[in-house]
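S.K.: For reference, the structure I am asking about is given below.
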Amino acid sequence: MIDKNEIRTIVEEWLQGNEYFLVDISMEPDNRIVVEIDHADGVWIEDCAELSRHLQARLGTQLDDYELEVGSAGIGQPFKVAQQYAIHVGKEVEVMQADGKKVHGVLKAVEGERFVVTVKEKQHIEGKKRPVVADVDKEYDMNDVKYTKYLLSFK
């Protein structure tokens, strides 16, 4: 039986010297192993194939009873690791807050487990009859939101 930590070790070995990073490894009940990687400039199919061959070479016949799938984290999917936040700084994201409210804005900064999203909000300014739309920075903890994901824009 293949251990998830063994797969993680082999993947991290392949990742050394690459600009890719590990997003997730899942062991599905139907004997399917799914490895997700990401990169600031996107994931190339050739690199997924190379990582797959590396895993097959290292695990050998242990993989006979498993289906191995190596791919990218997927555009529009919730972020799973801090590095995904970092590569999306300056881009539009959607944050589902713990209370279920969705916020759309630009990911401004990431530091450790905390991140800042600049959103547009209506604010009442003294002396003005109508509210004014202004940029407001909202700070979140990655562990305190339901999800954050990149918003694909066709503008």
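By convention here, the chains of the structure tokens are called A, B, ... in the order presented, each chain's residues are numbered starting at 1, and ligands are numbered starting at 1 in the order presented.
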If you count only C-alpha atoms, which residues fall within 8 Å of region 117-125 of chain A, apart from same-chain ones fewer than 3 positions away, as a ChimeraX atom specification?
M.R.: /A:103-109,128,130-139
S.K.: Atoms to include: all heavy atoms. Write the selected residues as a CSV table (one decimal), in the first residue's frame.
M.R.:
```
chain,number,residue,atom,x,y,z
A,103,VAL,N,-17.1,38.5,-1.2
A,103,VAL,CA,-16.5,39.8,-1.5
A,103,VAL,C,-15.6,39.6,-2.7
A,103,VAL,O,-14.9,38.7,-2.8
A,103,VAL,CB,-15.6,40.2,-0.3
A,103,VAL,CG1,-14.8,41.5,-0.6
A,103,VAL,CG2,-16.4,40.3,1.0
A,104,HIS,N,-15.7,40.6,-3.6
A,104,HIS,CA,-14.9,40.6,-4.8
A,104,HIS,C,-14.0,41.8,-4.7
A,104,HIS,O,-14.4,42.9,-4.3
A,104,HIS,CB,-15.7,40.8,-6.1
A,104,HIS,CG,-16.6,39.6,-6.3
A,104,HIS,ND1,-18.0,39.8,-6.7
A,104,HIS,CD2,-16.4,38.3,-6.3
A,104,HIS,CE1,-18.5,38.6,-6.8
A,104,HIS,NE2,-17.6,37.7,-6.6
A,105,GLY,N,-12.7,41.6,-5.1
A,105,GLY,CA,-11.7,42.7,-5.0
A,105,GLY,C,-10.4,42.2,-5.6
A,105,GLY,O,-10.3,41.1,-6.1
A,106,VAL,N,-9.4,43.1,-5.4
A,106,VAL,CA,-8.1,42.8,-5.9
A,106,VAL,C,-7.2,42.4,-4.7
A,106,VAL,O,-7.2,43.1,-3.7
A,106,VAL,CB,-7.5,44.0,-6.6
A,106,VAL,CG1,-6.0,43.8,-7.0
A,106,VAL,CG2,-8.3,44.4,-7.8
A,107,LEU,N,-6.6,41.2,-4.9
A,107,LEU,CA,-5.7,40.7,-3.9
A,107,LEU,C,-4.5,41.7,-3.8
A,107,LEU,O,-3.7,41.8,-4.7
A,107,LEU,CB,-5.2,39.3,-4.2
A,107,LEU,CG,-4.4,38.6,-3.2
A,107,LEU,CD1,-5.0,38.5,-1.8
A,107,LEU,CD2,-4.0,37.2,-3.6
A,108,LYS,N,-4.3,42.4,-2.7
A,108,LYS,CA,-3.3,43.4,-2.6
A,108,LYS,C,-2.0,42.9,-2.0
A,108,LYS,O,-0.9,43.3,-2.4
A,108,LYS,CB,-3.9,44.6,-1.7
A,108,LYS,CG,-2.9,45.7,-1.5
A,108,LYS,CD,-3.6,46.8,-0.7
A,108,LYS,CE,-2.7,48.0,-0.6
A,108,LYS,NZ,-3.4,49.1,0.2
A,109,ALA,N,-2.1,42.1,-0.9
A,109,ALA,CA,-0.9,41.7,-0.2
A,109,ALA,C,-1.1,40.3,0.5
A,109,ALA,O,-2.3,40.0,0.8
A,109,ALA,CB,-0.4,42.7,0.8
A,128,LYS,N,-21.9,65.3,1.8
A,128,LYS,CA,-22.3,64.8,0.4
A,128,LYS,C,-23.6,64.1,0.6
A,128,LYS,O,-23.9,63.4,1.5
A,128,LYS,CB,-21.2,63.8,-0.1
A,128,LYS,CG,-19.9,64.4,-0.3
A,128,LYS,CD,-19.5,64.3,-1.7
A,128,LYS,CE,-18.1,64.9,-1.9
A,128,LYS,NZ,-17.7,65.1,-3.2
A,130,ARG,N,-25.0,61.9,-1.6
A,130,ARG,CA,-24.9,60.6,-2.1
A,130,ARG,C,-23.7,59.9,-1.7
A,130,ARG,O,-22.6,60.5,-1.5
A,130,ARG,CB,-25.0,60.6,-3.6
A,130,ARG,CG,-26.3,61.1,-4.2
A,130,ARG,CD,-26.4,60.9,-5.6
A,130,ARG,NE,-27.7,61.4,-6.0
A,130,ARG,CZ,-28.0,61.6,-7.3
A,130,ARG,NH1,-27.2,61.5,-8.2
A,130,ARG,NH2,-29.2,62.1,-7.6
A,131,PRO,N,-23.8,58.6,-1.5
A,131,PRO,CA,-22.6,57.8,-1.1
A,131,PRO,C,-21.5,57.8,-2.2
A,131,PRO,O,-21.9,57.9,-3.4
A,131,PRO,CB,-23.1,56.4,-0.9
A,131,PRO,CG,-24.5,56.4,-1.3
A,131,PRO,CD,-24.9,57.7,-1.6
A,132,VAL,N,-20.3,57.7,-1.9
A,132,VAL,CA,-19.2,57.7,-2.8
A,132,VAL,C,-18.6,56.3,-2.8
A,132,VAL,O,-18.4,55.8,-1.7
A,132,VAL,CB,-18.1,58.8,-2.4
A,132,VAL,CG1,-16.9,58.7,-3.3
A,132,VAL,CG2,-18.7,60.2,-2.4
A,133,VAL,N,-18.2,55.8,-4.0
A,133,VAL,CA,-17.5,54.5,-4.0
A,133,VAL,C,-16.0,54.8,-3.8
A,133,VAL,O,-15.4,55.6,-4.5
A,133,VAL,CB,-17.8,53.9,-5.4
A,133,VAL,CG1,-17.0,52.6,-5.5
A,133,VAL,CG2,-19.2,53.6,-5.6
A,134,ALA,N,-15.5,54.0,-2.8
A,134,ALA,CA,-14.1,54.2,-2.5
A,134,ALA,C,-13.4,52.8,-2.3
A,134,ALA,O,-14.1,51.8,-2.1
A,134,ALA,CB,-14.0,54.9,-1.2
A,135,ASP,N,-12.1,52.8,-2.5
A,135,ASP,CA,-11.3,51.5,-2.3
A,135,ASP,C,-11.1,51.4,-0.8
A,135,ASP,O,-10.7,52.3,-0.1
A,135,ASP,CB,-10.0,51.6,-3.0
A,135,ASP,CG,-10.1,51.5,-4.5
A,135,ASP,OD1,-11.1,51.0,-5.0
A,135,ASP,OD2,-9.1,51.9,-5.2
A,136,VAL,N,-11.5,50.1,-0.3
A,136,VAL,CA,-11.3,49.8,1.1
A,136,VAL,C,-10.5,48.5,1.2
A,136,VAL,O,-10.8,47.5,0.5
A,136,VAL,CB,-12.7,49.7,1.8
A,136,VAL,CG1,-12.5,49.2,3.2
A,136,VAL,CG2,-13.5,50.9,1.7
A,137,ASP,N,-9.5,48.5,2.0
A,137,ASP,CA,-8.7,47.3,2.3
A,137,ASP,C,-9.3,46.5,3.4
A,137,ASP,O,-9.6,47.0,4.4
A,137,ASP,CB,-7.3,47.6,2.6
A,137,ASP,CG,-6.4,48.2,1.5
A,137,ASP,OD1,-6.9,48.1,0.3
A,137,ASP,OD2,-5.4,48.7,1.7
A,138,LYS,N,-9.5,45.2,3.0
A,138,LYS,CA,-10.1,44.2,4.0
A,138,LYS,C,-9.0,43.2,4.3
A,138,LYS,O,-8.5,42.6,3.3
A,138,LYS,CB,-11.4,43.6,3.5
A,138,LYS,CG,-12.5,44.6,3.4
A,138,LYS,CD,-13.8,43.9,3.2
A,138,LYS,CE,-14.9,44.9,3.2
A,138,LYS,NZ,-15.6,45.1,4.5
A,139,GLU,N,-8.8,42.9,5.5
A,139,GLU,CA,-7.7,41.9,5.9
A,139,GLU,C,-8.4,40.7,6.4
A,139,GLU,O,-9.4,40.7,7.1
A,139,GLU,CB,-6.8,42.5,7.0
A,139,GLU,CG,-5.6,41.6,7.3
A,139,GLU,CD,-4.6,42.2,8.2
A,139,GLU,OE1,-4.5,43.5,8.2
A,139,GLU,OE2,-4.0,41.5,8.9
```
S.K.: Using only C-alpha atoms, which residues sit within 12 Å of Phe79 (chain A) once same-chain residues fewer than 6 positions away are excluded, as a PyMOL selection string?
M.R.: chain A and resi 22-24+36-38+72-73+85-88+93-96+142-143+145-151
S.K.: Based on DSSP run over this structure's backbone, return all residues of region 27-153 of chain A in helix (DSSP H, G or I), as an mmCIF file with C-alpha atoms, in the first residue's frame.
M.R.:
```
data_model
loop_
_atom_site.group_PDB
_atom_site.id
_atom_site.type_symbol
_atom_site.label_atom_id
_atom_site.label_comp_id
_atom_site.auth_asym_id
_atom_site.auth_seq_id
_atom_site.Cartn_x
_atom_site.Cartn_y
_atom_site.Cartn_z
ATOM 1 C CA ILE A 45 1.240 19.403 -19.577
ATOM 2 C CA GLU A 46 4.804 18.312 -20.325
ATOM 3 C CA ASP A 47 5.804 19.016 -16.731
ATOM 4 C CA CYS A 48 2.807 17.062 -15.406
ATOM 5 C CA ALA A 49 3.874 14.144 -17.595
ATOM 6 C CA GLU A 50 7.464 14.444 -16.337
ATOM 7 C CA LEU A 51 6.319 14.410 -12.693
ATOM 8 C CA SER A 52 4.068 11.436 -13.443
ATOM 9 C CA ARG A 53 6.994 9.525 -14.982
ATOM 10 C CA HIS A 54 9.155 10.448 -11.968
ATOM 11 C CA LEU A 55 6.532 9.041 -9.593
ATOM 12 C CA GLN A 56 6.159 5.885 -11.704
ATOM 13 C CA ALA A 57 9.923 5.354 -11.781
ATOM 14 C CA ARG A 58 10.263 5.786 -8.017
ATOM 15 C CA LEU A 59 7.189 3.760 -7.002
ATOM 16 C CA GLY A 60 7.492 1.031 -9.644
ATOM 17 C CA THR A 61 5.097 -1.876 -9.238
ATOM 18 C CA GLN A 62 3.549 -0.323 -6.124
ATOM 19 C CA LEU A 63 1.514 1.802 -8.566
ATOM 20 C CA ASP A 64 0.023 -1.234 -10.343
ATOM 21 C CA ASP A 65 -3.159 -1.137 -8.243
ATOM 22 C CA ALA A 82 -0.418 30.213 0.747
ATOM 23 C CA GLN A 83 1.745 30.139 -2.391
ATOM 24 C CA GLN A 84 -1.411 30.296 -4.516
ATOM 25 C CA TYR A 85 -2.323 33.557 -2.803
ATOM 26 C CA ALA A 86 1.169 34.932 -3.442
ATOM 27 C CA ILE A 87 1.113 34.256 -7.194
ATOM 28 C CA MET A 142 -6.625 32.220 5.323
ATOM 29 C CA ASN A 143 -7.956 29.878 7.989
ATOM 30 C CA ASP A 144 -10.969 32.084 8.779
#
```
S.K.: Rounded to one decimal, what separation in Å do you get between CA of Pro78 (chain A) and CA of Lys91 (chain A)?
M.R.: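 Rounded to one decimal, the two atoms are 14.3 Å apart.
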S.K.: Which residue is closest to Gln77 (chain A)? Choose from A:Ile2, A:Glu28, A:Asp41, A:Leu152 and count only C-alpha atoms.
M.R.: A:Leu152
S.K.: Ranking A:Gly17, A:Ala98, A:Val70, A:Arg8 by minimum distance to Val35 (chain A) and counting only C-alpha atoms, which one comes first?
M.R.: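 Closest to Val35 (chain A), using only C-alpha atoms: A:Val70.
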S.K.: Could you check how far CA of Ser153 (chain A) sits from CA of Gly112 (chain A), in Å to one decimal?
M.R.: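 CA of Ser153 (chain A) sits 26.8 Å away from CA of Gly112 (chain A).
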S.K.: Give the strand (DSSP E) residues of region 19-128 of chain A, as assigned by DSSP on the backbone, as number ranges by chain.
M.R.: A: 21-27, 32-38, 67-72, 92-97, 102-111, 114-123
